[in-house]
Amino acid sequence: MTTTATTVGAYLRDLPPDRRVAMARVCSMIRRSARGVREACVMAWRFNELDGPLFALESGRRHMSLYVAEQDVVIRHKEALTGVNTARSFIRFSDFNRLPLDVVEKIVRESVVARRARATTVDPTQAELLSCGPSRNRPPSPRRR
């Protein structure tokens with residue numbers, strides 16, 4: 001679906017009624033479960049960002065897909081998502097009347113926790129990175145031919 005909407009509200013208004021209700025339910029659940037995560041709308045995608053893209057939600061002709069950047073979290077809950085097409089990083093809903101929001105909410109919450117934990121890890125300084133490289137005191141390793 002292509003749209004020129006620049007806000008999530010405008011994006012939802014452009015959807016057919018069945019997908020609008022389903023998409024609004026998922027958007028509302030993400031807002032409630034992922035506090036402090038920034039919401040954006042670009043083209044036909046609705047994004048949630050926390051130190052980069054975390055979730056993306058898009059509506060296709062006969063489905064709705066939730067893409068999750070924290071792939072490990074989706075894989076952990078894959079078996080609980082019965083009747084839904086899942087892969088490493090996305091959950092595709094085709095039955096808009098039977099959304100497994102309880103499981104998706106767990107995925108959303110765990111993804112936010114995982115992203116925040118990753119954001120708090122301290123990046124190495126330039127000096128630490130250089131110390132991992134070849135030492136100036138060691139002779140260079142011989143080149144292979």
# chains A, B, ... in the order shown; residues from 1 in each chain; ligands from 1
call {"tool": "select_by_dssp", "arguments": {"residues": "stretch 30-100 of chain A", "states": "strand (DSSP E or B)", "output": "list in words"}}
result
Arg38, Glu39, Ala40, Cys41, Val42, Trp45, Arg46, Phe47, Asn48, Glu49, Pro53, Leu54, Phe55, Ala56, Leu57, Glu58, Ser59, Met64, Ser65, Leu66, Tyr67, Val68, Asn85, Thr86, Phe90, Ile91, Arg92 and Phe93 of chain A
call {"tool": "closest_atom_pairs", "arguments": {"of": "stretch 30-79 of chain A", "to": "stretch 105-113 of chain A", "cutoff": "8 Å", "atoms": "only C-alpha atoms", "output": "tab-separated table"}}
result
residue	atom	partner	partner_atom	distance
A:Ile30	CA	A:Val108	CA	6.7
A:Ser33	CA	A:Arg109	CA	5.9
A:Ala34	CA	A:Arg109	CA	6.2
A:Leu50	CA	A:Val112	CA	7.9
A:Leu54	CA	A:Ser111	CA	7.7
A:Val68	CA	A:Ser111	CA	7.7
A:Ala69	CA	A:Ser111	CA	7.9
A:Glu70	CA	A:Ser111	CA	5.7
A:Val73	CA	A:Ile107	CA	6.1
A:Val74	CA	A:Ile107	CA	6.4
A:His77	CA	A:Ile107	CA	7.2
call {"tool": "write_last_selection", "arguments": {"atoms": "N, CA, C and O atoms", "output": "CSV table (one decimal), in the first residue's frame"}}
result
chain,number,residue,atom,x,y,z
A,30,ILE,N,1.7,-1.1,21.3
A,30,ILE,CA,3.1,-0.7,21.2
A,30,ILE,C,3.3,0.6,22.0
A,30,ILE,O,4.2,0.7,22.8
A,33,SER,N,3.1,-0.4,25.7
A,33,SER,CA,4.1,-1.3,26.2
A,33,SER,C,5.6,-0.8,26.0
A,33,SER,O,6.5,-1.3,26.7
A,34,ALA,N,5.8,0.2,25.1
A,34,ALA,CA,7.1,0.6,24.8
A,34,ALA,C,7.2,2.1,25.1
A,34,ALA,O,7.4,2.9,24.2
A,50,LEU,N,14.2,3.6,19.0
A,50,LEU,CA,14.9,3.7,20.2
A,50,LEU,C,16.4,3.4,19.9
A,50,LEU,O,16.7,2.2,19.7
A,54,LEU,N,13.4,0.2,15.9
A,54,LEU,CA,13.1,-0.9,16.7
A,54,LEU,C,12.0,-1.8,16.2
A,54,LEU,O,12.1,-3.0,16.1
A,68,VAL,N,10.6,-6.6,13.7
A,68,VAL,CA,11.2,-6.4,15.0
A,68,VAL,C,12.7,-6.5,14.9
A,68,VAL,O,13.2,-7.5,14.4
A,69,ALA,N,13.4,-5.4,15.3
A,69,ALA,CA,14.9,-5.4,15.1
A,69,ALA,C,15.6,-6.4,16.0
A,69,ALA,O,16.7,-6.9,15.6
A,70,GLU,N,15.0,-6.7,17.1
A,70,GLU,CA,15.6,-7.6,18.1
A,70,GLU,C,15.2,-9.0,17.7
A,70,GLU,O,14.2,-9.6,18.2
A,73,VAL,N,14.5,-12.0,20.2
A,73,VAL,CA,13.2,-12.0,21.0
A,73,VAL,C,12.1,-12.7,20.2
A,73,VAL,O,11.3,-13.5,20.7
A,74,VAL,N,12.0,-12.4,18.9
A,74,VAL,CA,11.0,-13.0,18.0
A,74,VAL,C,11.2,-14.5,18.0
A,74,VAL,O,10.3,-15.3,18.1
A,77,HIS,N,9.9,-16.4,21.1
A,77,HIS,CA,8.4,-16.5,21.2
A,77,HIS,C,7.8,-17.1,20.0
A,77,HIS,O,6.5,-17.1,19.9
call {"tool": "closest_residue", "arguments": {"among": "A:Arg116, A:Arg98, A:Arg13, A:Arg20", "to": "A:Gly36", "atoms": "only C-alpha atoms"}}
result
A:Arg116
call {"tool": "residues_around", "arguments": {"residues": "A:Val42", "least_positions_apart": "5", "cutoff": "8 Å", "atoms": "only C-alpha atoms", "output": "ChimeraX atom specification"}}
result
/A:5-6,47
call {"tool": "atom_distance", "arguments": {"atom1": "atom CA of A:Gly52", "atom2": "atom CA of A:Ala80"}}
result
27.0 Å
call {"tool": "atom_distance", "arguments": {"atom1": "atom CA of A:Val84", "atom2": "atom CA of A:Val37"}}
result
25.3 Å
call {"tool": "closest_residue", "arguments": {"among": "A:Phe55, A:Tyr67, A:Phe96, A:Trp45", "to": "A:Tyr11", "atoms": "only C-alpha atoms"}}
result
A:Trp45
call {"tool": "select_by_dssp", "arguments": {"residues": "stretch 67-119 of chain A", "states": "alpha helix (DSSP H)", "output": "list in words"}}
result
Gln71, Asp72, Val73, Val74, Ile75, Arg76, Leu101, Asp102, Val103, Val104, Glu105, Lys106, Ile107, Val108, Arg109, Glu110, Ser111, Val112, Val113, Ala114, Arg115, Arg116, Ala117, Arg118 and Ala119 of chain A
call {"tool": "closest_residue", "arguments": {"among": "A:Ala40, A:Ala24, A:Leu81, A:Ala114", "to": "A:Asp102", "atoms": "only C-alpha atoms"}}
result
A:Leu81
call {"tool": "residues_around", "arguments": {"residues": "A:Ser59", "least_positions_apart": "4", "cutoff": "12 Å", "atoms": "only C-alpha atoms", "output": "MDAnalysis selection string"}}
result
chainID A and resid 1:3 11:12 14:16 18:24 26 43:46 63:67 91:94 96
call {"tool": "write_last_selection", "arguments": {"atoms": "N, CA, C and O atoms", "output": "compact mmCIF listing (two decimals), in the first residue's frame"}}
result
# COMPACT_ATOMS: atom_id res chain seq x y z
N MET A 1 0.83 -1.17 0.00
CA MET A 1 0.00 0.00 0.00
C MET A 1 0.88 1.24 0.00
O MET A 1 1.78 1.36 0.80
N THR A 2 0.64 2.15 -0.89
CA THR A 2 1.40 3.39 -0.91
C THR A 2 0.54 4.51 -0.37
O THR A 2 -0.66 4.59 -0.64
N THR A 3 1.15 5.36 0.42
CA THR A 3 0.46 6.48 1.02
C THR A 3 1.43 7.64 1.16
O THR A 3 2.64 7.44 1.17
N TYR A 11 -1.91 8.00 8.45
CA TYR A 11 -1.66 6.67 7.89
C TYR A 11 -2.83 5.73 8.20
O TYR A 11 -3.32 5.03 7.31
N LEU A 12 -3.29 5.74 9.45
CA LEU A 12 -4.41 4.88 9.84
C LEU A 12 -5.69 5.27 9.11
O LEU A 12 -6.47 4.41 8.71
N ASP A 14 -5.98 6.34 6.14
CA ASP A 14 -5.90 5.91 4.74
C ASP A 14 -6.16 4.42 4.56
O ASP A 14 -6.34 3.96 3.44
N LEU A 15 -6.19 3.65 5.65
CA LEU A 15 -6.35 2.20 5.56
C LEU A 15 -7.82 1.81 5.42
O LEU A 15 -8.70 2.51 5.90
N PRO A 16 -8.09 0.65 4.79
CA PRO A 16 -9.46 0.12 4.80
C PRO A 16 -9.90 -0.19 6.23
O PRO A 16 -9.05 -0.45 7.09
N ASP A 18 -11.13 -2.71 8.00
CA ASP A 18 -10.69 -3.91 8.72
C ASP A 18 -9.24 -3.79 9.17
O ASP A 18 -8.88 -4.10 10.30
N ARG A 19 -8.38 -3.29 8.30
CA ARG A 19 -6.97 -3.13 8.65
C ARG A 19 -6.75 -1.95 9.58
O ARG A 19 -5.85 -1.96 10.41
N ARG A 20 -7.57 -0.91 9.46
CA ARG A 20 -7.44 0.26 10.32
C ARG A 20 -7.63 -0.13 11.79
O ARG A 20 -6.85 0.24 12.65
N VAL A 21 -8.64 -0.93 12.06
CA VAL A 21 -8.92 -1.36 13.45
C VAL A 21 -7.77 -2.23 13.96
O VAL A 21 -7.28 -2.03 15.07
N ALA A 22 -7.34 -3.20 13.16
CA ALA A 22 -6.26 -4.10 13.58
C ALA A 22 -4.96 -3.32 13.79
O ALA A 22 -4.27 -3.51 14.80
N MET A 23 -4.65 -2.45 12.86
CA MET A 23 -3.41 -1.66 12.96
C MET A 23 -3.47 -0.73 14.17
O MET A 23 -2.48 -0.59 14.89
N ALA A 24 -4.62 -0.12 14.41
CA ALA A 24 -4.76 0.77 15.57
C ALA A 24 -4.58 0.00 16.87
O ALA A 24 -3.98 0.52 17.82
N VAL A 26 -2.69 -2.69 17.33
CA VAL A 26 -1.27 -3.00 17.48
C VAL A 26 -0.49 -1.73 17.84
O VAL A 26 0.36 -1.74 18.73
N MET A 43 6.42 6.94 4.46
CA MET A 43 5.79 6.26 3.35
C MET A 43 4.71 5.31 3.88
O MET A 43 3.85 5.73 4.58
N ALA A 44 4.78 4.05 3.56
CA ALA A 44 3.75 3.10 3.99
C ALA A 44 4.20 2.32 5.23
O ALA A 44 3.73 1.23 5.47
N TRP A 45 5.10 2.90 6.01
CA TRP A 45 5.63 2.22 7.18
C TRP A 45 5.44 3.08 8.41
O TRP A 45 5.64 4.28 8.40
N ARG A 46 5.09 2.45 9.50
CA ARG A 46 4.97 3.10 10.79
C ARG A 46 6.11 2.56 11.63
O ARG A 46 6.26 1.35 11.77
N HIS A 63 -2.52 -8.57 4.48
CA HIS A 63 -1.81 -8.88 5.71
C HIS A 63 -1.30 -7.60 6.36
O HIS A 63 -1.34 -6.53 5.77
N MET A 64 -0.82 -7.76 7.56
CA MET A 64 -0.15 -6.70 8.29
C MET A 64 1.11 -7.32 8.88
O MET A 64 1.06 -8.44 9.39
N SER A 65 2.23 -6.63 8.77
CA SER A 65 3.49 -7.18 9.25
C SER A 65 4.11 -6.28 10.30
O SER A 65 4.14 -5.06 10.14
N LEU A 66 4.62 -6.91 11.35
CA LEU A 66 5.37 -6.21 12.38
C LEU A 66 6.81 -6.71 12.29
O LEU A 66 7.08 -7.90 12.46
N TYR A 67 7.71 -5.80 11.96
CA TYR A 67 9.13 -6.13 11.87
C TYR A 67 9.78 -5.72 13.19
O TYR A 67 9.56 -4.62 13.69
N ILE A 91 6.64 -10.65 12.07
CA ILE A 91 5.43 -11.38 12.39
C ILE A 91 4.38 -10.90 11.41
O ILE A 91 4.10 -9.70 11.34
N ARG A 92 3.83 -11.80 10.61
CA ARG A 92 2.84 -11.42 9.60
C ARG A 92 1.47 -11.92 10.03
O ARG A 92 1.26 -13.09 10.24
N PHE A 93 0.54 -10.97 10.16
CA PHE A 93 -0.83 -11.27 10.55
C PHE A 93 -1.71 -11.26 9.30
O PHE A 93 -1.71 -10.29 8.56
N SER A 94 -2.47 -12.32 9.07
CA SER A 94 -3.41 -12.31 7.95
C SER A 94 -4.85 -12.36 8.43
O SER A 94 -5.75 -11.96 7.70
N PHE A 96 -7.11 -10.52 10.73
CA PHE A 96 -7.15 -9.30 11.52
C PHE A 96 -8.06 -9.41 12.74
O PHE A 96 -8.00 -8.57 13.63
call {"tool": "atom_distance", "arguments": {"atom1": "atom CA of A:Ala10", "atom2": "atom CA of A:Asp95"}}
result
23.1 Å
